[in-house]
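So this one's protein_15.pdb, PDB, C-alpha atoms, pLDDT in the B column:
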ATOM      1  CA  MET A  12      -4.368  -4.765 -15.812  1.00 43.00           C
ATOM      2  CA  LYS A  13      -1.695  -7.469 -15.425  1.00 44.00           C
ATOM      3  CA  ALA A  14       0.622  -4.842 -13.917  1.00 45.00           C
ATOM      4  CA  VAL A  15      -1.997  -3.718 -11.417  1.00 42.00           C
ATOM      5  CA  SER A  16      -2.672  -7.346 -10.466  1.00 43.00           C
ATOM      6  CA  LYS A  17       1.033  -7.914  -9.799  1.00 44.00           C
ATOM      7  CA  LEU A  18       1.224  -4.779  -7.668  1.00 42.00           C
ATOM      8  CA  LEU A  19      -1.918  -5.866  -5.822  1.00 42.00           C
ATOM      9  CA  PHE A  20      -0.275  -9.199  -5.084  1.00 42.00           C
ATOM     10  CA  LEU A  21       2.837  -7.429  -3.741  1.00 46.00           C
ATOM     11  CA  CYS A  22       0.621  -5.212  -1.589  1.00 46.00           C
ATOM     12  CA  MET A  23      -1.284  -8.195  -0.221  1.00 44.00           C
ATOM     13  CA  ILE A  24       1.854  -9.893   1.163  1.00 43.00           C
ATOM     14  CA  PRO A  25       2.138  -7.667   4.273  1.00 44.00           C
ATOM     15  CA  LEU A  26      -1.630  -7.905   4.785  1.00 41.00           C
ATOM     16  CA  LEU A  27      -1.663 -11.678   4.540  1.00 37.00           C
ATOM     17  CA  LEU A  28       1.243 -11.969   6.950  1.00 36.00           C
ATOM     18  CA  SER A  29      -0.377  -9.515   9.321  1.00 40.00           C
ATOM     19  CA  ALA A  30      -3.724 -11.312   9.228  1.00 39.00           C
ATOM     20  CA  CYS A  31      -2.090 -14.694   9.770  1.00 36.00           C
ATOM     21  CA  LEU A  32      -0.094 -13.368  12.702  1.00 35.00           C
ATOM     22  CA  GLN A  33      -3.204 -11.810  14.197  1.00 38.00           C
ATOM     23  CA  ASN A  34      -4.992 -15.157  13.988  1.00 39.00           C
ATOM     24  CA  ALA A  35      -2.021 -16.953  15.534  1.00 36.00           C
ATOM     25  CA  GLU A  36      -1.742 -14.421  18.349  1.00 36.00           C
ATOM     26  CA  SER A  37      -5.414 -14.686  19.245  1.00 36.00           C
ATOM     27  CA  LYS A  38      -5.221 -18.515  19.301  1.00 34.00           C
ATOM     28  CA  GLN A  39      -8.238 -18.734  17.003  1.00 36.00           C
ATOM     29  CA  PRO A  40      -8.513 -21.178  14.133  1.00 35.00           C
ATOM     30  CA  THR A  41      -6.848 -19.727  11.056  1.00 38.00           C
ATOM     31  CA  ASN A  42      -9.333 -18.541   8.468  1.00 40.00           C
ATOM     32  CA  ASN A  43      -8.196 -18.257   4.883  1.00 44.00           C
ATOM     33  CA  LEU A  44      -8.433 -14.807   3.387  1.00 45.00           C
ATOM     34  CA  ASP A  45     -10.631 -14.432   0.346  1.00 47.00           C
ATOM     35  CA  LEU A  46      -8.008 -13.940  -2.346  1.00 48.00           C
ATOM     36  CA  SER A  47     -10.502 -12.962  -5.035  1.00 54.00           C
ATOM     37  CA  PRO A  48      -9.593  -9.563  -6.443  1.00 63.00           C
ATOM     38  CA  PRO A  49     -11.217  -6.704  -4.548  1.00 69.00           C
ATOM     39  CA  VAL A  50     -13.847  -4.727  -6.435  1.00 81.00           C
ATOM     40  CA  GLU A  51     -12.923  -1.224  -7.545  1.00 88.00           C
ATOM     41  CA  ILE A  52     -14.994   1.513  -5.917  1.00 89.00           C
ATOM     42  CA  SER A  53     -14.953   5.292  -6.036  1.00 89.00           C
ATOM     43  CA  PHE A  54     -12.525   7.163  -3.828  1.00 89.00           C
ATOM     44  CA  GLU A  55     -15.491   8.775  -2.064  1.00 91.00           C
ATOM     45  CA  GLU A  56     -16.999   5.367  -1.289  1.00 93.00           C
ATOM     46  CA  ALA A  57     -13.642   4.141   0.035  1.00 93.00           C
ATOM     47  CA  GLU A  58     -13.462   7.188   2.323  1.00 92.00           C
ATOM     48  CA  ALA A  59     -16.984   6.502   3.583  1.00 93.00           C
ATOM     49  CA  ARG A  60     -16.216   2.831   4.274  1.00 92.00           C
ATOM     50  CA  THR A  61     -12.937   3.246   6.171  1.00 93.00           C
ATOM     51  CA  PRO A  62     -12.744   4.451   9.778  1.00 94.00           C
ATOM     52  CA  PHE A  63      -9.587   6.471   9.107  1.00 95.00           C
ATOM     53  CA  GLU A  64      -8.625   9.337   6.825  1.00 94.00           C
ATOM     54  CA  ILE A  65      -7.262   8.217   3.463  1.00 95.00           C
ATOM     55  CA  LYS A  66      -4.256  10.438   2.883  1.00 95.00           C
ATOM     56  CA  GLN A  67      -3.201  10.908  -0.722  1.00 95.00           C
ATOM     57  CA  PRO A  68       0.214  11.764  -2.128  1.00 97.00           C
ATOM     58  CA  SER A  69       1.095  14.403  -4.646  1.00 97.00           C
ATOM     59  CA  VAL A  70       1.508  12.115  -7.675  1.00 97.00           C
ATOM     60  CA  PRO A  71       4.453  13.207  -9.843  1.00 95.00           C
ATOM     61  CA  PHE A  72       2.884  12.101 -13.127  1.00 96.00           C
ATOM     62  CA  GLN A  73      -0.377  12.846 -14.907  1.00 96.00           C
ATOM     63  CA  VAL A  74      -2.980  10.464 -13.501  1.00 95.00           C
ATOM     64  CA  ILE A  75      -5.228   9.018 -16.206  1.00 94.00           C
ATOM     65  CA  GLN A  76      -6.963   6.432 -14.009  1.00 93.00           C
ATOM     66  CA  LYS A  77      -7.504   6.390 -10.252  1.00 93.00           C
ATOM     67  CA  SER A  78      -9.142   3.517  -8.443  1.00 92.00           C
ATOM     68  CA  ALA A  79      -9.833   2.507  -4.859  1.00 95.00           C
ATOM     69  CA  ARG A  80     -10.251  -0.946  -3.367  1.00 95.00           C
ATOM     70  CA  ILE A  81     -11.185  -2.118   0.096  1.00 93.00           C
ATOM     71  CA  LEU A  82      -9.183  -5.266   0.798  1.00 91.00           C
ATOM     72  CA  ASP A  83     -10.735  -8.282   2.530  1.00 88.00           C
ATOM     73  CA  THR A  84      -9.006  -8.990   5.854  1.00 88.00           C
ATOM     74  CA  ASN A  85     -11.752 -11.187   7.349  1.00 86.00           C
ATOM     75  CA  GLY A  86     -12.835  -8.299   9.555  1.00 87.00           C
ATOM     76  CA  LYS A  87      -9.534  -8.228  11.476  1.00 89.00           C
ATOM     77  CA  PHE A  88      -8.700  -4.669  10.376  1.00 92.00           C
ATOM     78  CA  GLU A  89      -9.446  -2.254   7.537  1.00 93.00           C
ATOM     79  CA  ALA A  90      -7.200  -1.898   4.497  1.00 94.00           C
ATOM     80  CA  VAL A  91      -7.604   0.396   1.517  1.00 96.00           C
ATOM     81  CA  GLU A  92      -5.572   0.596  -1.670  1.00 96.00           C
ATOM     82  CA  ILE A  93      -5.559   3.644  -3.946  1.00 96.00           C
ATOM     83  CA  THR A  94      -4.011   3.142  -7.401  1.00 93.00           C
ATOM     84  CA  TYR A  95      -2.885   5.984  -9.646  1.00 94.00           C
ATOM     85  CA  VAL A  96      -2.135   5.008 -13.257  1.00 94.00           C
ATOM     86  CA  ASN A  97      -0.828   6.702 -16.374  1.00 94.00           C
ATOM     87  CA  THR A  98      -1.645   4.123 -19.039  1.00 91.00           C
ATOM     88  CA  ASP A  99       0.159   6.106 -21.766  1.00 91.00           C
ATOM     89  CA  GLY A 100       3.480   5.921 -19.915  1.00 90.00           C
ATOM     90  CA  GLY A 101       2.889   2.578 -18.191  1.00 91.00           C
ATOM     91  CA  LEU A 102       3.271   4.262 -14.783  1.00 94.00           C
ATOM     92  CA  ASN A 103       1.717   2.968 -11.538  1.00 93.00           C
ATOM     93  CA  LEU A 104       1.735   4.381  -8.030  1.00 95.00           C
ATOM     94  CA  ILE A 105      -0.168   2.574  -5.276  1.00 95.00           C
ATOM     95  CA  THR A 106      -0.833   3.765  -1.740  1.00 96.00           C
ATOM     96  CA  MET A 107      -2.016   1.202   0.783  1.00 95.00           C
ATOM     97  CA  ILE A 108      -3.220   2.145   4.261  1.00 96.00           C
ATOM     98  CA  THR A 109      -4.267  -0.249   7.033  1.00 95.00           C
ATOM     99  CA  ASN A 110      -5.207   0.077  10.675  1.00 95.00           C
ATOM    100  CA  SER A 111      -3.819  -3.338  11.618  1.00 92.00           C
ATOM    101  CA  LYS A 112      -2.718  -3.463  15.250  1.00 88.00           C
ATOM    102  CA  VAL A 113      -0.225  -6.274  14.665  1.00 83.00           C
ATOM    103  CA  ASP A 114       3.244  -4.952  15.425  1.00 77.00           C
ATOM    104  CA  THR A 115       5.374  -7.254  13.304  1.00 79.00           C
ATOM    105  CA  PRO A 116       8.926  -6.308  12.377  1.00 79.00           C
ATOM    106  CA  PRO A 117       8.951  -4.750   8.906  1.00 81.00           C
ATOM    107  CA  ASN A 118      10.677  -6.397   5.976  1.00 84.00           C
ATOM    108  CA  GLY A 119      13.226  -4.607   3.860  1.00 89.00           C
ATOM    109  CA  LYS A 120      16.149  -2.338   4.518  1.00 93.00           C
ATOM    110  CA  LYS A 121      15.777   0.289   7.247  1.00 94.00           C
ATOM    111  CA  GLY A 122      15.726   3.681   5.581  1.00 95.00           C
ATOM    112  CA  LEU A 123      15.440   7.341   6.459  1.00 96.00           C
ATOM    113  CA  LYS A 124      12.726   8.996   8.512  1.00 97.00           C
ATOM    114  CA  LEU A 125       9.903  11.003   6.980  1.00 97.00           C
ATOM    115  CA  SER A 126       9.443  14.666   7.864  1.00 97.00           C
ATOM    116  CA  ASN A 127       6.829  13.579  10.448  1.00 96.00           C
ATOM    117  CA  GLY A 128       9.461  11.399  12.181  1.00 96.00           C
ATOM    118  CA  SER A 129       8.155   8.029  10.927  1.00 96.00           C
ATOM    119  CA  GLN A 130      10.811   5.395  10.214  1.00 96.00           C
ATOM    120  CA  THR A 131      10.673   3.990   6.668  1.00 96.00           C
ATOM    121  CA  TRP A 132      11.844   0.700   5.192  1.00 96.00           C
ATOM    122  CA  ASP A 133      12.891   0.211   1.587  1.00 95.00           C
ATOM    123  CA  GLN A 134      10.960  -2.800   0.271  1.00 92.00           C
ATOM    124  CA  GLY A 135      11.787  -2.472  -3.413  1.00 88.00           C
ATOM    125  CA  ASP A 136      13.072  -5.233  -5.637  1.00 85.00           C
ATOM    126  CA  GLY A 137      14.096  -5.532  -9.273  1.00 81.00           C
ATOM    127  CA  HIS A 138      10.516  -5.069 -10.510  1.00 81.00           C
ATOM    128  CA  VAL A 139       8.953  -2.402  -8.283  1.00 84.00           C
ATOM    129  CA  SER A 140      10.078   0.246  -5.855  1.00 92.00           C
ATOM    130  CA  ALA A 141       8.326   0.332  -2.483  1.00 95.00           C
ATOM    131  CA  ILE A 142       8.566   1.879   0.955  1.00 96.00           C
ATOM    132  CA  TYR A 143       6.688   1.136   4.160  1.00 95.00           C
ATOM    133  CA  TRP A 144       6.129   3.096   7.393  1.00 96.00           C
ATOM    134  CA  ARG A 145       3.814   3.410  10.378  1.00 95.00           C
ATOM    135  CA  ASN A 146       2.328   6.638  11.695  1.00 95.00           C
ATOM    136  CA  GLU A 147      -0.438   7.470  14.185  1.00 93.00           C
ATOM    137  CA  GLY A 148      -1.744   3.895  14.387  1.00 93.00           C
ATOM    138  CA  LEU A 149      -1.792   3.317  10.624  1.00 95.00           C
ATOM    139  CA  THR A 150       0.534   1.354   8.367  1.00 95.00           C
ATOM    140  CA  TYR A 151       1.375   2.794   4.942  1.00 96.00           C
ATOM    141  CA  SER A 152       2.949   1.331   1.821  1.00 95.00           C
ATOM    142  CA  LEU A 153       3.855   3.276  -1.302  1.00 96.00           C
ATOM    143  CA  ILE A 154       4.649   1.129  -4.343  1.00 94.00           C
ATOM    144  CA  SER A 155       5.601   2.150  -7.878  1.00 94.00           C
ATOM    145  CA  GLY A 156       6.454   0.372 -11.108  1.00 89.00           C
ATOM    146  CA  LYS A 157       6.613   0.965 -14.841  1.00 89.00           C
ATOM    147  CA  ASN A 158       6.487  -0.980 -18.101  1.00 78.00           C
ATOM    148  CA  ASN A 159       4.042  -3.548 -16.706  1.00 70.00           C
ATOM    149  CA  ASN A 160       6.100  -3.594 -13.510  1.00 69.00           C
ATOM    150  CA  LEU A 161       9.137  -5.038 -15.170  1.00 72.00           C
ATOM    151  CA  GLU A 162      11.187  -2.283 -13.561  1.00 83.00           C
ATOM    152  CA  PRO A 163      10.922   0.166 -10.656  1.00 89.00           C
ATOM    153  CA  LEU A 164       9.447   3.566 -11.435  1.00 92.00           C
ATOM    154  CA  TYR A 165      11.095   5.627  -8.694  1.00 93.00           C
ATOM    155  CA  ASP A 166      14.120   5.159  -6.494  1.00 93.00           C
ATOM    156  CA  TYR A 167      13.881   5.049  -2.704  1.00 94.00           C
ATOM    157  CA  GLN A 168      14.687   8.771  -2.299  1.00 95.00           C
ATOM    158  CA  THR A 169      11.912   9.804  -4.710  1.00 96.00           C
ATOM    159  CA  LEU A 170       9.396   7.559  -2.925  1.00 96.00           C
ATOM    160  CA  LEU A 171      10.464   9.168   0.341  1.00 96.00           C
ATOM    161  CA  GLU A 172       9.753  12.606  -1.164  1.00 97.00           C
ATOM    162  CA  ILE A 173       6.328  11.413  -2.410  1.00 97.00           C
ATOM    163  CA  ALA A 174       5.528   9.909   1.006  1.00 97.00           C
ATOM    164  CA  ASN A 175       6.241  13.284   2.605  1.00 97.00           C
ATOM    165  CA  THR A 176       3.425  14.796   0.487  1.00 97.00           C
ATOM    166  CA  LEU A 177       0.642  12.591   1.919  1.00 94.00           C
ATOM    167  CA  LYS A 178      -2.238  14.817   3.016  1.00 89.00           C
TER     168      LYS A 178
END

For the structure just supplied, provide its representation as structure tokens.
Amino acid sequence: MKAVSKLLFLCMIPLLLSACLQNAESKQPTNNLDLSPPVEISFEEAEARTPFEIKQPSVPFQVIQKSARILDTNGKFEAVEITYVNTDGGLNLITMITNSKVDTPPNGKKGLKLSNGSQTWDQGDGHVSAIYWRNEGLTYSLISGKNNNLEPLYDYQTLLEIANTLK
């Protein structure tokens, strides 16, 4: 659970920045996001509550647990996180999708394009591997880690291959 919380925190960084920028751009008073952990819901409930299709990757390990969370963005945009876990191997893969309209420059190293033409950015560090891209009005992040996120699970190229499987 500690590993999932750390990954959730890493996933929240782009959302927090995006929400803050949206507030600044609209010249409204800044509202603090509710940083309490989102409640896990079924994948079907997440699909019903989001106005966009939740595309899922082909996960390259046996998934033992799968959870969905709708993230609180103070109503500025919708954000959903799907977590795939293999507790036996300490493997985590998280897909985050948002419909934020804020067009901020992405962080990380500019990478290769996906098969659909979307530009990716490598956002990994010494603890997790992560890529980010935008496509058809949605922003995607794919994050992986192992051993309680003390080390990256996949390299950039493998994450790129996984991202190309989103359906």

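Checking A:Leu104, A:Gln168, A:Thr131, A:Asp114 one by one against Ile154 (chain A), counting only C-alpha atoms, you find the shortest gap at A:Leu104.
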
Per-axis box centre and lengths in Å around region 165-169 of chain A, 6 Å margin per side, axis-aligned, as AutoDock Vina command-line options:
--center_x 12.9 --center_y 7.4 --center_z -5.5 --size_x 15.6 --size_y 16.8 --size_z 18.4

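Reported to one decimal place, the separation of CA of Gly137 (chain A) from CA of Ile93 (chain A) is 22.3 Å.
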
- Item | Neighbours of point (-5.4, 8.6, -15.3) within 12 Å, using all atoms listed in the file, written as an MDAnalysis selection string | chainID A and resid 70 72:78 94:104

For the selection just defined, write its residues with C-alpha atoms to a file, as a PDB file, in the coordinates of the input.
ATOM      1  CA  VAL A  70       1.508  12.115  -7.675  1.00 97.00           C
ATOM      2  CA  PHE A  72       2.884  12.101 -13.127  1.00 96.00           C
ATOM      3  CA  GLN A  73      -0.377  12.846 -14.907  1.00 96.00           C
ATOM      4  CA  VAL A  74      -2.980  10.464 -13.501  1.00 95.00           C
ATOM      5  CA  ILE A  75      -5.228   9.018 -16.206  1.00 94.00           C
ATOM      6  CA  GLN A  76      -6.963   6.432 -14.009  1.00 93.00           C
ATOM      7  CA  LYS A  77      -7.504   6.390 -10.252  1.00 93.00           C
ATOM      8  CA  SER A  78      -9.142   3.517  -8.443  1.00 92.00           C
ATOM      9  CA  THR A  94      -4.011   3.142  -7.401  1.00 93.00           C
ATOM     10  CA  TYR A  95      -2.885   5.984  -9.646  1.00 94.00           C
ATOM     11  CA  VAL A  96      -2.135   5.008 -13.257  1.00 94.00           C
ATOM     12  CA  ASN A  97      -0.828   6.702 -16.374  1.00 94.00           C
ATOM     13  CA  THR A  98      -1.645   4.123 -19.039  1.00 91.00           C
ATOM     14  CA  ASP A  99       0.159   6.106 -21.766  1.00 91.00           C
ATOM     15  CA  GLY A 100       3.480   5.921 -19.915  1.00 90.00           C
ATOM     16  CA  GLY A 101       2.889   2.578 -18.191  1.00 91.00           C
ATOM     17  CA  LEU A 102       3.271   4.262 -14.783  1.00 94.00           C
ATOM     18  CA  ASN A 103       1.717   2.968 -11.538  1.00 93.00           C
ATOM     19  CA  LEU A 104       1.735   4.381  -8.030  1.00 95.00           C
TER      20      LEU A 104
END

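Residue selection for this entry, given the PyMOL selection byres ((chain A and resi 59-64) around 9), comprises Phe54, Glu55, Glu56, Ala57, Glu58, Ile65, Lys66, Ile81, Glu89, Ala90, Val91, Thr109, Asn110 and Leu149 of chain A.
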
How would the residues just picked look written out with C-alpha atoms as a PDB file, keeping the file's coordinate frame?
ATOM      1  CA  PHE A  54     -12.525   7.163  -3.828  1.00 89.00           C
ATOM      2  CA  GLU A  55     -15.491   8.775  -2.064  1.00 91.00           C
ATOM      3  CA  GLU A  56     -16.999   5.367  -1.289  1.00 93.00           C
ATOM      4  CA  ALA A  57     -13.642   4.141   0.035  1.00 93.00           C
ATOM      5  CA  GLU A  58     -13.462   7.188   2.323  1.00 92.00           C
ATOM      6  CA  ILE A  65      -7.262   8.217   3.463  1.00 95.00           C
ATOM      7  CA  LYS A  66      -4.256  10.438   2.883  1.00 95.00           C
ATOM      8  CA  ILE A  81     -11.185  -2.118   0.096  1.00 93.00           C
ATOM      9  CA  GLU A  89      -9.446  -2.254   7.537  1.00 93.00           C
ATOM     10  CA  ALA A  90      -7.200  -1.898   4.497  1.00 94.00           C
ATOM     11  CA  VAL A  91      -7.604   0.396   1.517  1.00 96.00           C
ATOM     12  CA  THR A 109      -4.267  -0.249   7.033  1.00 95.00           C
ATOM     13  CA  ASN A 110      -5.207   0.077  10.675  1.00 95.00           C
ATOM     14  CA  LEU A 149      -1.792   3.317  10.624  1.00 95.00           C
TER      15      LEU A 149
END

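Of the listed residues A:Arg80, A:Lys112, A:Tyr151, A:Glu92, the one whose atoms come nearest to Gln130 (chain A) is A:Tyr151, with distances taken using only C-alpha atoms.
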
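Between CA of Asn158 (chain A) and CA of Ser69 (chain A) the interatomic distance comes to 21.1 Å.
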
- Query: Mind telling me what the PyMOL selection byres ((chain A and resi 68) around 8) catches here, as number ranges by chain?
  - Reply: A: 66-67, 69-70, 173-178

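Evaluated on this file, the PyMOL selection byres ((chain A and resi 156) around 9) matches A:Ala14, A:Leu18, A:Gly101, A:Leu102, A:Asn103, A:Leu104, A:His138, A:Val139, A:Ser140, A:Ala141, A:Ile154, A:Ser155, A:Lys157, A:Asn158, A:Asn159, A:Asn160, A:Leu161, A:Glu162, A:Pro163, A:Leu164, A:Tyr165.
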
- Message: So the first atom is CA of Asn85 (chain A) and the second is CA of Lys120 (chain A); what is the distance between them in Å, to one decimal place?
- Response: 29.4 Å

- Write out as number ranges by chain the residues lying within 12 Å of Asp133 (chain A), counting only C-alpha atoms and excluding same-chain residues fewer than 5 positions away. A: 117-124, 139-144, 152-154, 165-171

Let me see the file: selected residues, C-alpha atoms, as a PDB file, keeping the file's coordinate frame.
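What landed in again15.pdb:
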ATOM      1  CA  PRO A 117       8.951  -4.750   8.906  1.00 81.00           C
ATOM      2  CA  ASN A 118      10.677  -6.397   5.976  1.00 84.00           C
ATOM      3  CA  GLY A 119      13.226  -4.607   3.860  1.00 89.00           C
ATOM      4  CA  LYS A 120      16.149  -2.338   4.518  1.00 93.00           C
ATOM      5  CA  LYS A 121      15.777   0.289   7.247  1.00 94.00           C
ATOM      6  CA  GLY A 122      15.726   3.681   5.581  1.00 95.00           C
ATOM      7  CA  LEU A 123      15.440   7.341   6.459  1.00 96.00           C
ATOM      8  CA  LYS A 124      12.726   8.996   8.512  1.00 97.00           C
ATOM      9  CA  VAL A 139       8.953  -2.402  -8.283  1.00 84.00           C
ATOM     10  CA  SER A 140      10.078   0.246  -5.855  1.00 92.00           C
ATOM     11  CA  ALA A 141       8.326   0.332  -2.483  1.00 95.00           C
ATOM     12  CA  ILE A 142       8.566   1.879   0.955  1.00 96.00           C
ATOM     13  CA  TYR A 143       6.688   1.136   4.160  1.00 95.00           C
ATOM     14  CA  TRP A 144       6.129   3.096   7.393  1.00 96.00           C
ATOM     15  CA  SER A 152       2.949   1.331   1.821  1.00 95.00           C
ATOM     16  CA  LEU A 153       3.855   3.276  -1.302  1.00 96.00           C
ATOM     17  CA  ILE A 154       4.649   1.129  -4.343  1.00 94.00           C
ATOM     18  CA  TYR A 165      11.095   5.627  -8.694  1.00 93.00           C
ATOM     19  CA  ASP A 166      14.120   5.159  -6.494  1.00 93.00           C
ATOM     20  CA  TYR A 167      13.881   5.049  -2.704  1.00 94.00           C
ATOM     21  CA  GLN A 168      14.687   8.771  -2.299  1.00 95.00           C
ATOM     22  CA  THR A 169      11.912   9.804  -4.710  1.00 96.00           C
ATOM     23  CA  LEU A 170       9.396   7.559  -2.925  1.00 96.00           C
ATOM     24  CA  LEU A 171      10.464   9.168   0.341  1.00 96.00           C
TER      25      LEU A 171
END

Could you write region 50-58 of chain A of the block just shown to a file containing all heavy atoms, as an mmCIF file, in the first residue's frame?
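Output file out-v1.cif is given in full below:
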data_model
loop_
_atom_site.group_PDB
_atom_site.id
_atom_site.type_symbol
_atom_site.label_atom_id
_atom_site.label_comp_id
_atom_site.auth_asym_id
_atom_site.auth_seq_id
_atom_site.Cartn_x
_atom_site.Cartn_y
_atom_site.Cartn_z
ATOM 1 N N VAL A 50 -10.956 7.390 -3.071
ATOM 2 C CA VAL A 50 -11.538 6.111 -2.705
ATOM 3 C C VAL A 50 -11.493 5.183 -3.917
ATOM 4 O O VAL A 50 -11.824 5.582 -5.027
ATOM 5 C CB VAL A 50 -12.997 6.316 -2.234
ATOM 6 C CG1 VAL A 50 -13.663 4.987 -1.925
ATOM 7 C CG2 VAL A 50 -13.026 7.235 -1.028
ATOM 8 N N GLU A 51 -11.093 3.937 -3.672
ATOM 9 C CA GLU A 51 -11.079 2.955 -4.752
ATOM 10 C C GLU A 51 -12.510 2.609 -5.136
ATOM 11 O O GLU A 51 -13.386 2.464 -4.285
ATOM 12 C CB GLU A 51 -10.347 1.686 -4.317
ATOM 13 C CG GLU A 51 -8.863 1.861 -4.240
ATOM 14 C CD GLU A 51 -8.130 0.557 -3.957
ATOM 15 O OE1 GLU A 51 -8.733 -0.524 -4.063
ATOM 16 O OE2 GLU A 51 -6.938 0.634 -3.637
ATOM 17 N N ILE A 52 -12.739 2.494 -6.446
ATOM 18 C CA ILE A 52 -14.043 2.105 -6.972
ATOM 19 C C ILE A 52 -13.817 1.039 -8.034
ATOM 20 O O ILE A 52 -12.682 0.793 -8.451
ATOM 21 C CB ILE A 52 -14.796 3.316 -7.563
ATOM 22 C CG1 ILE A 52 -13.972 3.977 -8.678
ATOM 23 C CG2 ILE A 52 -15.159 4.320 -6.483
ATOM 24 C CD1 ILE A 52 -14.690 5.126 -9.381
ATOM 25 N N SER A 53 -14.883 0.423 -8.488
ATOM 26 C CA SER A 53 -14.747 -0.584 -9.535
ATOM 27 C C SER A 53 -14.415 0.099 -10.859
ATOM 28 O O SER A 53 -14.727 1.274 -11.069
ATOM 29 C CB SER A 53 -16.043 -1.390 -9.677
ATOM 30 O OG SER A 53 -17.043 -0.589 -10.259
ATOM 31 N N PHE A 54 -13.805 -0.657 -11.747
ATOM 32 C CA PHE A 54 -13.481 -0.121 -13.064
ATOM 33 C C PHE A 54 -14.762 0.309 -13.781
ATOM 34 O O PHE A 54 -14.811 1.354 -14.418
ATOM 35 C CB PHE A 54 -12.716 -1.159 -13.894
ATOM 36 C CG PHE A 54 -12.354 -0.657 -15.250
ATOM 37 C CD1 PHE A 54 -11.279 0.200 -15.419
ATOM 38 C CD2 PHE A 54 -13.096 -1.009 -16.358
ATOM 39 C CE1 PHE A 54 -10.944 0.689 -16.669
ATOM 40 C CE2 PHE A 54 -12.778 -0.525 -17.616
ATOM 41 C CZ PHE A 54 -11.692 0.324 -17.772
ATOM 42 N N GLU A 55 -15.810 -0.473 -13.641
ATOM 43 C CA GLU A 55 -17.089 -0.157 -14.281
ATOM 44 C C GLU A 55 -17.663 1.156 -13.756
ATOM 45 O O GLU A 55 -18.193 1.958 -14.523
ATOM 46 C CB GLU A 55 -18.094 -1.306 -14.072
ATOM 47 C CG GLU A 55 -17.723 -2.601 -14.767
ATOM 48 C CD GLU A 55 -16.577 -3.378 -14.097
ATOM 49 O OE1 GLU A 55 -16.298 -3.173 -12.894
ATOM 50 O OE2 GLU A 55 -15.938 -4.184 -14.810
ATOM 51 N N GLU A 56 -17.541 1.394 -12.460
ATOM 52 C CA GLU A 56 -18.021 2.653 -11.887
ATOM 53 C C GLU A 56 -17.183 3.832 -12.391
ATOM 54 O O GLU A 56 -17.715 4.894 -12.703
ATOM 55 C CB GLU A 56 -17.997 2.606 -10.366
ATOM 56 C CG GLU A 56 -18.607 3.846 -9.731
ATOM 57 C CD GLU A 56 -18.647 3.799 -8.216
ATOM 58 O OE1 GLU A 56 -18.446 2.721 -7.619
ATOM 59 O OE2 GLU A 56 -18.870 4.872 -7.635
ATOM 60 N N ALA A 57 -15.870 3.622 -12.496
ATOM 61 C CA ALA A 57 -14.997 4.674 -13.026
ATOM 62 C C ALA A 57 -15.395 5.009 -14.457
ATOM 63 O O ALA A 57 -15.460 6.183 -14.826
ATOM 64 C CB ALA A 57 -13.536 4.238 -12.951
ATOM 65 N N GLU A 58 -15.671 3.997 -15.273
ATOM 66 C CA GLU A 58 -16.101 4.235 -16.651
ATOM 67 C C GLU A 58 -17.398 5.035 -16.695
ATOM 68 O O GLU A 58 -17.554 5.943 -17.512
ATOM 69 C CB GLU A 58 -16.308 2.915 -17.397
ATOM 70 C CG GLU A 58 -15.041 2.267 -17.868
ATOM 71 C CD GLU A 58 -15.325 1.046 -18.715
ATOM 72 O OE1 GLU A 58 -16.121 0.187 -18.299
ATOM 73 O OE2 GLU A 58 -14.739 0.955 -19.809
#
